[in-house]
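*Asks:* This is query-v7.cif, which holds mmCIF, C-alpha atoms and all ligand atoms:
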data_run
#
loop_
_atom_site.label_atom_id
_atom_site.label_comp_id
_atom_site.auth_asym_id
_atom_site.auth_seq_id
_atom_site.Cartn_x
_atom_site.Cartn_y
_atom_site.Cartn_z
CA MET A 1 79.57 140.85 102.08
CA PHE A 2 78.22 142.01 105.39
CA ASP A 3 79.31 145.65 105.92
CA LEU A 4 80.62 145.19 109.44
CA LEU A 5 83.05 142.59 108.12
CA LYS A 6 84.83 144.64 105.54
CA GLU A 7 87.59 144.79 108.11
CA ARG A 8 89.40 141.42 108.22
CA LEU A 9 89.38 139.33 111.35
CA ASN A 10 92.85 137.87 110.68
CA MET A 11 91.99 134.58 112.31
CA THR A 12 92.61 130.91 111.73
CA VAL A 13 89.17 129.42 112.27
CA LEU A 14 88.51 125.75 112.91
CA VAL A 15 85.08 124.77 111.58
CA THR A 16 83.65 121.45 112.77
CA GLY A 17 81.12 120.10 110.27
CA GLY A 18 82.47 122.50 107.63
CA CYS A 19 81.63 120.08 104.82
CA GLY A 20 77.90 120.21 105.66
CA TYR A 21 75.24 122.54 104.28
CA ILE A 22 75.57 125.49 106.68
CA GLY A 23 79.23 124.84 107.54
CA ALA A 24 80.24 124.98 103.87
CA HIS A 25 78.47 128.34 103.46
CA VAL A 26 80.39 129.67 106.47
CA VAL A 27 83.69 128.30 105.12
CA TYR A 28 82.87 130.07 101.85
CA ALA A 29 82.10 133.36 103.68
CA LEU A 30 85.31 133.07 105.74
CA HIS A 31 87.35 132.55 102.57
CA GLU A 32 85.62 135.52 100.92
CA ALA A 33 86.60 137.60 103.96
CA GLY A 34 90.23 136.44 103.59
CA GLU A 35 90.35 134.27 106.71
CA ASP A 36 92.33 131.04 107.11
CA VAL A 37 90.11 127.95 107.57
CA VAL A 38 90.64 124.45 108.96
CA VAL A 39 87.77 121.95 108.76
CA VAL A 40 87.10 118.89 110.90
CA ASP A 41 84.40 116.58 109.55
CA ASP A 42 83.74 112.83 109.55
CA LEU A 43 82.08 113.15 106.12
CA SER A 44 79.03 111.23 107.35
CA TYR A 45 76.87 113.86 105.63
CA GLY A 46 79.36 116.42 104.38
CA LYS A 47 81.17 116.51 101.07
CA PRO A 48 84.91 117.32 100.94
CA ASP A 49 84.67 119.21 97.65
CA ARG A 50 82.67 122.04 99.26
CA ILE A 51 85.43 123.68 101.29
CA GLY A 52 87.77 125.19 98.71
CA ASP A 53 91.35 125.13 99.91
CA ALA A 54 90.54 124.80 103.62
CA ARG A 55 92.63 122.07 105.29
CA LEU A 56 90.46 119.05 106.10
CA TYR A 57 90.90 116.65 109.03
CA GLY A 58 88.61 113.62 108.82
CA MET A 59 87.54 112.51 112.28
CA ASP A 60 84.50 111.74 114.43
CA ILE A 61 84.47 114.47 117.08
CA ALA A 62 82.13 112.45 119.31
CA ALA A 63 84.46 109.44 119.57
CA PRO A 64 86.43 108.66 122.76
CA GLY A 65 89.76 110.52 122.74
CA ALA A 66 88.57 113.07 120.16
CA GLY A 67 89.19 115.95 122.60
CA GLU A 68 92.94 115.18 122.61
CA ARG A 69 93.07 114.89 118.83
CA LEU A 70 91.20 118.19 118.46
CA ALA A 71 93.67 119.87 120.84
CA GLU A 72 96.57 118.58 118.70
CA ILE A 73 94.96 119.96 115.54
CA MET A 74 94.21 123.32 117.20
CA LYS A 75 97.80 123.63 118.41
CA ALA A 76 99.35 122.49 115.11
CA GLU A 77 97.16 124.88 113.12
CA ASP A 78 97.48 127.76 115.58
CA VAL A 79 93.70 128.11 115.75
CA ASP A 80 92.20 131.38 117.08
CA ALA A 81 88.51 130.45 117.11
CA VAL A 82 86.19 127.49 116.65
CA ILE A 83 82.80 127.41 114.92
CA HIS A 84 81.08 124.21 115.97
CA PHE A 85 78.47 122.78 113.56
CA ALA A 86 79.18 119.04 113.57
CA ALA A 87 76.09 117.40 115.05
CA ARG A 88 73.13 115.20 114.26
CA LYS A 89 70.16 117.41 113.39
CA GLN A 90 67.03 115.42 112.62
CA VAL A 91 64.26 115.97 115.14
CA GLY A 92 62.32 112.77 114.29
CA GLU A 93 65.48 110.65 114.36
CA SER A 94 66.35 112.12 117.76
CA VAL A 95 63.00 110.91 119.12
CA GLU A 96 63.69 107.40 117.75
CA LYS A 97 67.34 107.25 118.83
CA PRO A 98 67.68 109.57 121.84
CA LEU A 99 70.78 107.90 123.30
CA TRP A 100 72.64 108.19 120.02
CA TYR A 101 71.73 111.89 119.83
CA TYR A 102 72.97 112.47 123.38
CA GLN A 103 76.14 110.50 122.60
CA GLN A 104 76.81 112.38 119.37
CA ASN A 105 75.82 115.94 120.19
CA ILE A 106 76.78 116.10 123.86
CA ASN A 107 80.06 114.17 123.49
CA GLY A 108 80.88 116.18 120.38
CA MET A 109 80.45 119.43 122.32
CA LEU A 110 82.39 118.04 125.28
CA ASN A 111 85.34 117.09 123.06
CA VAL A 112 85.33 120.46 121.29
CA LEU A 113 85.46 122.25 124.67
CA GLU A 114 88.11 119.83 125.95
CA GLY A 115 90.23 120.46 122.86
CA MET A 116 89.85 124.24 123.24
CA LYS A 117 90.76 124.11 126.93
CA GLU A 118 93.89 122.02 126.24
CA ALA A 119 94.97 124.13 123.27
CA GLY A 120 94.13 127.47 124.93
CA VAL A 121 91.63 128.51 122.22
CA LYS A 122 89.29 131.15 123.67
CA LYS A 123 86.53 131.82 121.12
CA LEU A 124 83.62 129.54 120.28
CA VAL A 125 80.59 130.06 118.05
CA PHE A 126 78.04 127.27 118.49
CA SER A 127 75.17 126.22 116.20
CA SER A 128 72.17 126.25 118.46
CA SER A 129 68.59 126.08 117.29
CA ALA A 130 65.06 127.42 117.65
CA ALA A 131 64.35 123.83 118.77
CA THR A 132 65.64 124.94 122.21
CA TYR A 133 62.37 126.88 122.65
CA GLY A 134 60.04 123.89 122.27
CA VAL A 135 56.53 125.34 121.94
CA PRO A 136 57.14 128.93 123.05
CA PRO A 137 54.40 130.88 124.85
CA VAL A 138 54.67 133.85 122.43
CA ASP A 139 54.52 134.12 118.62
CA VAL A 140 57.73 136.14 118.21
CA VAL A 141 60.30 134.65 120.57
CA PRO A 142 62.98 136.68 122.36
CA GLU A 143 66.08 134.86 123.64
CA ASP A 144 65.09 135.25 127.29
CA VAL A 145 61.57 133.81 126.94
CA GLU A 146 60.44 131.55 129.77
CA PRO A 147 59.93 128.68 130.11
CA MET A 148 62.39 127.13 127.64
CA VAL A 149 61.38 123.51 127.33
CA PRO A 150 62.69 121.70 124.25
CA ILE A 151 60.25 118.98 123.21
CA ASN A 152 62.67 116.49 121.64
CA PRO A 153 66.16 115.12 122.37
CA TYR A 154 67.66 117.14 119.50
CA GLY A 155 66.50 120.44 121.05
CA GLN A 156 67.64 119.27 124.47
CA THR A 157 71.18 118.61 123.17
CA LYS A 158 71.32 122.14 121.76
CA LEU A 159 70.14 123.79 125.00
CA PHE A 160 72.54 121.65 127.03
CA GLY A 161 75.33 122.51 124.58
CA GLU A 162 74.74 126.20 125.39
CA TRP A 163 74.93 125.43 129.12
CA MET A 164 78.16 123.45 128.67
CA ALA A 165 79.84 126.27 126.78
CA ARG A 166 78.62 128.88 129.29
CA ALA A 167 80.02 126.85 132.18
CA CYS A 168 83.49 126.95 130.56
CA GLU A 169 83.64 130.74 130.35
CA GLU A 170 84.71 131.45 133.92
CA PRO A 171 87.13 128.56 134.64
CA TYR A 172 88.81 128.32 131.20
CA GLY A 173 88.26 131.80 129.76
CA ILE A 174 86.37 130.40 126.75
CA ARG A 175 84.16 133.12 125.25
CA PHE A 176 81.07 131.62 123.70
CA CYS A 177 78.38 132.80 121.33
CA GLY A 178 75.40 130.55 120.66
CA LEU A 179 73.39 131.26 117.52
CA ARG A 180 69.83 129.92 117.60
CA TYR A 181 68.91 129.38 113.97
CA PHE A 182 65.31 129.52 112.81
CA ASN A 183 64.30 127.87 109.48
CA VAL A 184 67.45 127.83 107.39
CA ALA A 185 66.88 127.56 103.64
CA GLY A 186 68.08 128.71 100.24
CA CYS A 187 71.56 128.41 98.80
CA GLY A 188 74.57 130.58 98.03
CA PRO A 189 76.82 129.14 95.30
CA VAL A 190 74.86 126.22 93.78
CA GLN A 191 77.53 123.63 94.64
CA LEU A 192 76.79 124.25 98.34
CA GLU A 193 73.20 122.96 98.04
CA ASP A 194 71.77 120.99 100.96
CA PRO A 195 71.37 117.46 99.55
CA ALA A 196 69.17 116.37 102.48
CA ILE A 197 65.43 116.42 101.77
CA LEU A 198 64.48 117.34 105.33
CA ASN A 199 63.06 120.86 105.16
CA LEU A 200 59.89 122.22 103.57
CA ILE A 201 61.32 123.73 100.36
CA PRO A 202 63.44 120.72 99.22
CA MET A 203 60.57 118.45 100.30
CA LEU A 204 58.22 120.32 97.96
CA PHE A 205 60.73 120.10 95.09
CA ASP A 206 61.28 116.41 95.80
CA ARG A 207 57.56 115.60 95.60
CA LEU A 208 57.40 117.47 92.29
CA LYS A 209 60.42 115.54 91.01
CA GLN A 210 58.64 112.30 91.88
CA GLY A 211 55.48 113.46 90.09
CA LYS A 212 53.56 113.52 93.39
CA ALA A 213 51.40 116.29 94.83
CA PRO A 214 53.24 118.34 97.48
CA ALA A 215 51.66 118.00 100.91
CA ILE A 216 50.70 120.55 103.55
CA PHE A 217 50.51 119.05 107.05
CA GLY A 218 47.50 120.70 108.68
CA ASP A 219 45.49 123.75 107.56
CA ASP A 220 43.48 124.18 110.75
CA TYR A 221 46.05 125.90 112.95
CA PRO A 222 45.18 129.22 114.66
CA THR A 223 47.11 131.23 112.02
CA PRO A 224 45.83 133.61 109.30
CA ASP A 225 45.60 130.92 106.59
CA GLY A 226 45.46 127.90 108.90
CA THR A 227 48.95 126.59 108.05
CA CYS A 228 52.04 126.76 110.28
CA VAL A 229 54.04 129.98 110.26
CA ARG A 230 57.84 129.93 110.36
CA ASP A 231 60.76 132.37 110.18
CA TYR A 232 62.86 131.59 107.09
CA ILE A 233 66.47 132.68 107.06
CA HIS A 234 68.68 132.56 103.97
CA VAL A 235 71.75 130.41 104.57
CA SER A 236 74.05 133.16 103.24
CA ASP A 237 72.61 135.63 105.79
CA LEU A 238 73.16 132.98 108.44
CA ALA A 239 76.78 132.57 107.29
CA ASP A 240 77.33 136.32 107.73
CA ALA A 241 75.93 136.08 111.26
CA HIS A 242 78.78 133.68 112.14
CA LEU A 243 81.38 136.18 111.01
CA ALA A 244 79.60 138.89 112.99
CA ALA A 245 79.64 136.57 116.03
CA LEU A 246 83.41 136.05 115.72
CA LYS A 247 83.81 139.79 115.67
CA TYR A 248 81.52 140.15 118.69
CA LEU A 249 83.67 137.68 120.63
CA ASP A 250 86.64 139.99 120.12
CA ARG A 251 84.92 142.68 122.18
CA ASP A 252 85.73 142.98 125.87
CA GLU A 253 82.20 144.14 126.69
CA ARG A 254 79.64 141.53 125.67
CA LYS A 255 76.12 141.76 127.07
CA TYR A 256 74.79 138.42 125.85
CA ASP A 257 75.98 134.97 124.80
CA VAL A 258 72.98 133.65 122.85
CA PHE A 259 71.30 135.24 119.83
CA ASN A 260 68.38 134.38 117.60
CA VAL A 261 69.23 134.34 113.93
CA GLY A 262 65.84 135.04 112.43
CA THR A 263 64.09 137.87 110.64
CA GLY A 264 61.13 138.52 112.94
CA GLU A 265 58.85 137.89 109.92
CA GLY A 266 56.58 134.88 109.59
CA THR A 267 55.76 133.05 106.37
CA SER A 268 53.09 130.37 106.28
CA VAL A 269 53.49 126.96 104.65
CA ARG A 270 50.80 127.96 102.15
CA GLN A 271 52.71 131.13 101.25
CA ILE A 272 55.83 129.04 100.63
CA VAL A 273 53.80 126.63 98.45
CA ASP A 274 52.50 129.61 96.43
CA GLU A 275 56.03 130.97 96.10
CA VAL A 276 57.24 127.56 94.87
CA LYS A 277 54.48 127.65 92.21
CA ARG A 278 55.61 131.09 91.09
CA VAL A 279 59.33 130.34 91.04
CA THR A 280 59.17 126.90 89.39
CA GLY A 281 56.35 127.75 86.98
CA LEU A 282 54.87 124.32 87.76
CA PRO A 283 51.06 124.51 88.07
CA PHE A 284 50.72 121.79 90.71
CA THR A 285 47.86 121.20 93.16
CA GLU A 286 48.92 120.50 96.73
CA THR A 287 47.16 118.09 99.08
CA VAL A 288 46.33 118.81 102.70
CA MET A 289 47.14 116.08 105.20
CA ALA A 290 46.73 115.71 108.97
CA ARG A 291 48.84 117.79 111.34
CA ARG A 292 52.20 116.30 112.41
CA ALA A 293 52.79 115.86 116.13
CA GLY A 294 54.89 118.55 117.79
CA ASP A 295 54.60 121.33 115.16
CA PRO A 296 53.96 124.64 116.97
CA PRO A 297 51.57 126.95 115.03
CA HIS A 298 54.03 129.87 115.04
CA LEU A 299 57.81 129.94 115.43
CA ILE A 300 59.33 133.33 114.71
CA GLY A 301 62.54 134.67 116.22
CA SER A 302 62.95 138.22 117.40
CA PRO A 303 66.17 139.47 115.78
CA LYS A 304 66.31 142.60 117.99
CA ARG A 305 69.29 141.43 120.06
CA ILE A 306 71.52 140.45 117.12
CA ASN A 307 70.47 143.59 115.20
CA GLU A 308 71.40 145.87 118.08
CA GLU A 309 74.47 144.08 119.46
CA MET A 310 76.15 142.90 116.26
CA GLY A 311 74.61 145.18 113.64
CA TRP A 312 73.56 142.07 111.70
CA HIS A 313 70.37 142.22 109.59
CA ALA A 314 68.98 139.68 107.12
CA ARG A 315 69.47 140.87 103.54
CA TYR A 316 67.42 138.23 101.74
CA ASP A 317 63.66 137.64 101.75
CA VAL A 318 61.53 134.58 101.07
CA ASP A 319 61.53 135.20 97.29
CA ASP A 320 65.34 135.11 97.31
CA ILE A 321 65.31 131.99 99.44
CA VAL A 322 62.98 130.00 97.17
CA GLU A 323 64.65 131.26 93.99
CA SER A 324 68.15 130.34 95.21
CA ALA A 325 66.95 126.93 96.43
CA TRP A 326 65.36 126.26 93.02
CA ASP A 327 68.50 127.35 91.15
CA ALA A 328 70.60 124.96 93.24
CA TRP A 329 68.05 122.15 92.81
CA GLN A 330 68.01 122.58 89.05
CA ALA A 331 71.82 122.75 88.87
CA ASN A 332 72.08 119.28 90.43
CA PRO A 333 71.71 116.61 87.70
CA ALA A 334 70.33 114.12 90.26
CA HIS A 335 67.48 116.49 91.12
CA HIS A 336 66.87 118.48 87.95
CA ILE A 337 63.22 118.76 86.82
CA ASP A 338 62.57 119.38 83.12
CA VAL A 339 59.75 121.90 83.51
CA GLU A 340 58.27 121.51 80.00
CA THR A 341 58.21 117.69 80.21
CA TRP A 342 56.72 117.92 83.70
CA LYS A 343 53.90 120.20 82.49
CA GLN A 344 53.05 117.84 79.60
CA GLN A 345 52.94 114.83 81.93
CA ASP A 346 50.68 116.69 84.31
CA ALA A 347 48.32 117.85 81.57
N1 LIG A 401 69.78 123.04 108.83
C1 LIG A 401 69.00 123.64 109.74
O1 LIG A 401 67.88 124.06 109.42
C2 LIG A 401 69.49 123.87 111.16
C3 LIG A 401 68.67 124.58 112.05
C4 LIG A 401 69.13 124.80 113.35
C5 LIG A 401 70.38 124.32 113.74
N2 LIG A 401 71.15 123.61 112.86
C6 LIG A 401 72.46 123.12 113.31
O2 LIG A 401 73.45 123.58 112.42
C7 LIG A 401 74.50 122.63 112.32
C8 LIG A 401 74.79 122.35 110.86
O3 LIG A 401 73.60 121.90 110.22
P1 LIG A 401 73.60 121.49 108.69
O4 LIG A 401 72.21 121.71 108.20
O5 LIG A 401 74.72 122.14 107.97
O6 LIG A 401 73.84 119.91 108.83
P2 LIG A 401 74.69 118.93 107.90
O7 LIG A 401 74.28 117.55 108.30
O8 LIG A 401 74.59 119.31 106.47
O9 LIG A 401 76.17 119.21 108.38
C9 LIG A 401 76.73 118.63 109.53
C10 LIG A 401 78.18 118.29 109.21
O10 LIG A 401 78.79 117.76 110.38
C11 LIG A 401 79.41 116.51 110.05
N3 LIG A 401 79.32 115.71 111.27
C12 LIG A 401 78.19 115.30 111.92
N4 LIG A 401 78.52 114.60 113.02
C13 LIG A 401 79.87 114.59 113.09
C14 LIG A 401 80.80 114.04 114.01
N5 LIG A 401 80.41 113.34 115.07
N6 LIG A 401 82.13 114.22 113.78
C15 LIG A 401 82.56 114.94 112.71
N7 LIG A 401 81.72 115.47 111.80
C16 LIG A 401 80.39 115.30 112.00
C17 LIG A 401 78.64 115.95 108.87
O11 LIG A 401 79.43 115.08 108.05
C18 LIG A 401 78.28 117.23 108.12
O12 LIG A 401 79.29 117.61 107.21
C19 LIG A 401 74.06 121.43 113.14
O13 LIG A 401 74.66 121.52 114.41
C20 LIG A 401 72.57 121.61 113.25
O14 LIG A 401 72.06 121.01 114.41
C21 LIG A 401 70.73 123.38 111.57
#
How would this structure read if it were set down as structure tokens?
Ligand SMILES: NC(=O)c1ccc[n+]([C@@H]2O[C@H](COP(=O)([O-])OP(=O)(O)OC[C@H]3O[C@@H](n4cnc5c(N)ncnc54)[C@H](O)[C@@H]3O)[C@@H](O)[C@H]2O)c1
*Replies:*
Amino acid sequence: MFDLLKERLNMTVLVTGGCGYIGAHVVYALHEAGEDVVVVDDLSYGKPDRIGDARLYGMDIAAPGAGERLAEIMKAEDVDAVIHFAARKQVGESVEKPLWYYQQNINGMLNVLEGMKEAGVKKLVFSSSAATYGVPPVDVVPEDVEPMVPINPYGQTKLFGEWMARACEEPYGIRFCGLRYFNVAGCGPVQLEDPAILNLIPMLFDRLKQGKAPAIFGDDYPTPDGTCVRDYIHVSDLADAHLAALKYLDRDERKYDVFNVGTGEGTSVRQIVDEVKRVTGLPFTETVMARRAGDPPHLIGSPKRINEEMGWHARYDVDDIVESAWDAWQANPAHHIDVETWKQQDA
């Protein structure tokens, strides 16, 4: 447990999207810290068995009238703070279905803020994203970099979500903290695994499961080994950052309302591939394919602000991330790879 949080917050926290990958890790961390948790989730991606004894309300937060229903839940549960995760999160899908992304992510945020206003709840932690930066003009991005131009509808909804929450501070007294996550990966308890095969590490495992060569998209970028460089953050470190943010919102003096949650360290796709070889023990040969559109060469978040203001620091490194992701993958019977059989087939 994160040192700063040894002292209990004594809050009832409403977590939207608490049955999802990151939300469930935060629900777990809140329970570990002794906090009371209420979850709202439409179970479109989330699983109800991931939230322990948190009370679950099944609803679509982006639907018409959801603000009123959220206010009723917040009042009935005597909620002190909201952590808002529930959103659609696939960049490519957002390019194909922009109106649905605006409807889901913007209306969802609107209804959460409406519910908080009506119920008088004053603290909000919001899942923002490094996607708000688009293709930043520097390798290691600080929160106040300019210009901030998200390059897809998903990133736009996250930046606009920050603006919406900020606008509610003065008139409704809602204190807001936006956490801009970099590349979230790894797993805490294995039952909280991310079942979606959307990010690099599960994509590599998935190709191996299918007996196919893992792919690297582009090895001619202006980076040390030619592959894209990203800032990987362990999901359990990210969960701790949410508890630190709740604590920060308790302070009267707050200098900032948005924070990168990154490590400031870059790891290339090729380094991750090599780490996957080491951790799995599978002697695969990767293929190199063409670059994908819209992948910036570097995306690394400066953690200086969150380090200094909240005292939060990442505890886990890339080895821990890949090892924990592999443990969770292997614990899932639908994913499990029998390493010895795999090696014989490959031979
Ligand atoms: N995973 C990442 O790498 C990453 C990076 C940056 C930001 N984020 C943001 O973090 C948040 C959580 O991401 P995740 O990876 O845990 O995603 P996830 O899909 O695993 O979890 C989202 C949860 O929200 C629920 N949900 C979605 N839309 C809903 C709606 N309209 N009403 C009620 N419930 C709804 C889903 O059922 C799911 O349980 C999202 O807001 C995402 O944009 C994620």
*Asks:* Just how far from atom CA of A:Arg292 is atom CA of A:Tyr154, in Å to one decimal?
*Replies:*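 Atom-to-atom, atom CA of A:Tyr154 and atom CA of A:Arg292 are spaced 17.0 Å apart.
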*Asks:* Quick one: what's the axis-aligned box for ligand LIG 401 (chain A), all listed atoms, 4 Å on every side, centre and edges in Å to one decimal, as JSON?
*Replies:*
{"center_x": 75.2, "center_y": 119.1, "center_z": 110.8, "size_x": 22.7, "size_y": 19.5, "size_z": 16.6}
*Asks:* With 6 Å as the threshold, what does the neighbourhood of (92.0, 126.0, 113.8) contain in terms of residues, counting all atoms listed in the file? Coordinates are those of the file; answer as an MDAnalysis selection string.
*Replies:* chainID A and resid 12:14 38 74 77 79
*Asks:* Would you kindly identify which residues have an atom no farther than 10 Å from (63.1, 111.6, 96.4), using all atoms listed in the file and the file's own coordinates, and write them out as number ranges by chain?
*Replies:* A: 196-197, 202-203, 205-210, 334-335
*Asks:* Check every protein, DNA and RNA residue against ligand LIG 401 (chain A), keep those with an atom at most 8 Å away (counting all atoms listed in the file), and present them as an mmCIF file with C-alpha atoms, in the frame of the given file.
*Replies:*
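Written out: result-v6.cif:
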data_model
loop_
_atom_site.group_PDB
_atom_site.id
_atom_site.type_symbol
_atom_site.label_atom_id
_atom_site.label_comp_id
_atom_site.auth_asym_id
_atom_site.auth_seq_id
_atom_site.Cartn_x
_atom_site.Cartn_y
_atom_site.Cartn_z
ATOM 1 C CA THR A 16 83.650 121.450 112.770
ATOM 2 C CA GLY A 17 81.120 120.100 110.270
ATOM 3 C CA GLY A 18 82.470 122.500 107.630
ATOM 4 C CA CYS A 19 81.630 120.080 104.820
ATOM 5 C CA GLY A 20 77.900 120.210 105.660
ATOM 6 C CA TYR A 21 75.240 122.540 104.280
ATOM 7 C CA ILE A 22 75.570 125.490 106.680
ATOM 8 C CA GLY A 23 79.230 124.840 107.540
ATOM 9 C CA ALA A 24 80.240 124.980 103.870
ATOM 10 C CA VAL A 40 87.100 118.890 110.900
ATOM 11 C CA ASP A 41 84.400 116.580 109.550
ATOM 12 C CA ASP A 42 83.740 112.830 109.550
ATOM 13 C CA LEU A 43 82.080 113.150 106.120
ATOM 14 C CA SER A 44 79.030 111.230 107.350
ATOM 15 C CA TYR A 45 76.870 113.860 105.630
ATOM 16 C CA GLY A 46 79.360 116.420 104.380
ATOM 17 C CA LYS A 47 81.170 116.510 101.070
ATOM 18 C CA GLY A 58 88.610 113.620 108.820
ATOM 19 C CA MET A 59 87.540 112.510 112.280
ATOM 20 C CA ASP A 60 84.500 111.740 114.430
ATOM 21 C CA ILE A 61 84.470 114.470 117.080
ATOM 22 C CA ALA A 62 82.130 112.450 119.310
ATOM 23 C CA ALA A 63 84.460 109.440 119.570
ATOM 24 C CA HIS A 84 81.080 124.210 115.970
ATOM 25 C CA PHE A 85 78.470 122.780 113.560
ATOM 26 C CA ALA A 86 79.180 119.040 113.570
ATOM 27 C CA ALA A 87 76.090 117.400 115.050
ATOM 28 C CA ARG A 88 73.130 115.200 114.260
ATOM 29 C CA LYS A 89 70.160 117.410 113.390
ATOM 30 C CA GLN A 90 67.030 115.420 112.620
ATOM 31 C CA GLN A 104 76.810 112.380 119.370
ATOM 32 C CA ASN A 105 75.820 115.940 120.190
ATOM 33 C CA GLY A 108 80.880 116.180 120.380
ATOM 34 C CA PHE A 126 78.040 127.270 118.490
ATOM 35 C CA SER A 127 75.170 126.220 116.200
ATOM 36 C CA SER A 128 72.170 126.250 118.460
ATOM 37 C CA SER A 129 68.590 126.080 117.290
ATOM 38 C CA ALA A 130 65.060 127.420 117.650
ATOM 39 C CA ALA A 131 64.350 123.830 118.770
ATOM 40 C CA TYR A 154 67.660 117.140 119.500
ATOM 41 C CA LYS A 158 71.320 122.140 121.760
ATOM 42 C CA ARG A 180 69.830 129.920 117.600
ATOM 43 C CA TYR A 181 68.910 129.380 113.970
ATOM 44 C CA PHE A 182 65.310 129.520 112.810
ATOM 45 C CA ASN A 183 64.300 127.870 109.480
ATOM 46 C CA VAL A 184 67.450 127.830 107.390
ATOM 47 C CA ALA A 185 66.880 127.560 103.640
ATOM 48 C CA ASP A 194 71.770 120.990 100.960
ATOM 49 C CA PRO A 195 71.370 117.460 99.550
ATOM 50 C CA ALA A 196 69.170 116.370 102.480
ATOM 51 C CA ASN A 199 63.060 120.860 105.160
#
*Asks:* Within 12 Å of stretch 138-140 of chain A, counting only C-alpha atoms, which residues qualify if same-chain residues fewer than 2 places away don't, as a ChimeraX atom specification?
*Replies:* /A:130,133-136,142-148,182,222-223,228-231,260,262-266,296-304
*Asks:* Export C-alpha atoms of the chosen residues as a PDB file, in the coordinates of the input?
*Replies:*
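Result file is result_30.pdb:
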ATOM      1  CA  ALA A 130      65.060 127.420 117.650  1.00  0.00           C
ATOM      2  CA  TYR A 133      62.370 126.880 122.650  1.00  0.00           C
ATOM      3  CA  GLY A 134      60.040 123.890 122.270  1.00  0.00           C
ATOM      4  CA  VAL A 135      56.530 125.340 121.940  1.00  0.00           C
ATOM      5  CA  PRO A 136      57.140 128.930 123.050  1.00  0.00           C
ATOM      6  CA  PRO A 142      62.980 136.680 122.360  1.00  0.00           C
ATOM      7  CA  GLU A 143      66.080 134.860 123.640  1.00  0.00           C
ATOM      8  CA  ASP A 144      65.090 135.250 127.290  1.00  0.00           C
ATOM      9  CA  VAL A 145      61.570 133.810 126.940  1.00  0.00           C
ATOM     10  CA  GLU A 146      60.440 131.550 129.770  1.00  0.00           C
ATOM     11  CA  PRO A 147      59.930 128.680 130.110  1.00  0.00           C
ATOM     12  CA  MET A 148      62.390 127.130 127.640  1.00  0.00           C
ATOM     13  CA  PHE A 182      65.310 129.520 112.810  1.00  0.00           C
ATOM     14  CA  PRO A 222      45.180 129.220 114.660  1.00  0.00           C
ATOM     15  CA  THR A 223      47.110 131.230 112.020  1.00  0.00           C
ATOM     16  CA  CYS A 228      52.040 126.760 110.280  1.00  0.00           C
ATOM     17  CA  VAL A 229      54.040 129.980 110.260  1.00  0.00           C
ATOM     18  CA  ARG A 230      57.840 129.930 110.360  1.00  0.00           C
ATOM     19  CA  ASP A 231      60.760 132.370 110.180  1.00  0.00           C
ATOM     20  CA  ASN A 260      68.380 134.380 117.600  1.00  0.00           C
ATOM     21  CA  GLY A 262      65.840 135.040 112.430  1.00  0.00           C
ATOM     22  CA  THR A 263      64.090 137.870 110.640  1.00  0.00           C
ATOM     23  CA  GLY A 264      61.130 138.520 112.940  1.00  0.00           C
ATOM     24  CA  GLU A 265      58.850 137.890 109.920  1.00  0.00           C
ATOM     25  CA  GLY A 266      56.580 134.880 109.590  1.00  0.00           C
ATOM     26  CA  PRO A 296      53.960 124.640 116.970  1.00  0.00           C
ATOM     27  CA  PRO A 297      51.570 126.950 115.030  1.00  0.00           C
ATOM     28  CA  HIS A 298      54.030 129.870 115.040  1.00  0.00           C
ATOM     29  CA  LEU A 299      57.810 129.940 115.430  1.00  0.00           C
ATOM     30  CA  ILE A 300      59.330 133.330 114.710  1.00  0.00           C
ATOM     31  CA  GLY A 301      62.540 134.670 116.220  1.00  0.00           C
ATOM     32  CA  SER A 302      62.950 138.220 117.400  1.00  0.00           C
ATOM     33  CA  PRO A 303      66.170 139.470 115.780  1.00  0.00           C
ATOM     34  CA  LYS A 304      66.310 142.600 117.990  1.00  0.00           C
TER      35      LYS A 304
END
*Asks:* If you measure from atom CA of A:Ile321 to atom CA of A:Tyr28, what distance in Å do you get, rounded to one decimal?
*Replies:* 17.8 Å
*Asks:* With a distance cut-off of 12 Å and all atoms listed in the file, select the neighbouring residues of A:Gly226, excluding the residue or stretch itself and same-chain residues fewer than 3 positions from it, and output the selection as a list in words.
*Replies:* Ile216, Phe217, Gly218, Asp219, Asp220, Tyr221, Pro222, Thr223, Val229, Thr267, Ser268, Val269, Arg270, Gln271, Val288, Arg291, Pro297 and His298 of chain A
*Asks:* Would you please work out which residue, of A:Cys168, A:Leu192, A:Leu159, A:Val339, is nearest to A:Gly211 when using only C-alpha atoms?
*Replies:*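 Using only C-alpha atoms, the shortest distance to A:Gly211 belongs to A:Val339.
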*Asks:* Which residue gives the smallest distance to A:Leu204 among A:Val39, A:Leu282, A:Ala66, A:Ala81, with all atoms listed in the file counted?
*Replies:*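 Between A:Val39, A:Leu282, A:Ala66, A:Ala81, the residue approaching A:Leu204 most closely is A:Leu282.
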*Asks:* Here is a test: counting only C-alpha atoms, which residue of A:Gln345, A:Thr280, A:Ser236, A:Asn10 is nearest to A:Asp317?
*Replies:* A:Ser236
*Asks:* Write out as JSON, numbers by chain the residues lying within 12 Å of A:Glu162, counting all atoms listed in the file and excluding same-chain residues fewer than 4 positions away.
*Replies:* {"A": [84, 105, 106, 109, 110, 113, 124, 125, 126, 127, 128, 129, 132, 155, 156, 157, 158, 166, 167, 168, 169, 175, 176, 177, 178, 179, 180, 257, 258, 259]}
*Asks:* Just how far from atom CA of A:His313 is atom CA of A:Lys123, in Å to one decimal?
*Replies:*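 Interatomic distance here is 22.4 Å.
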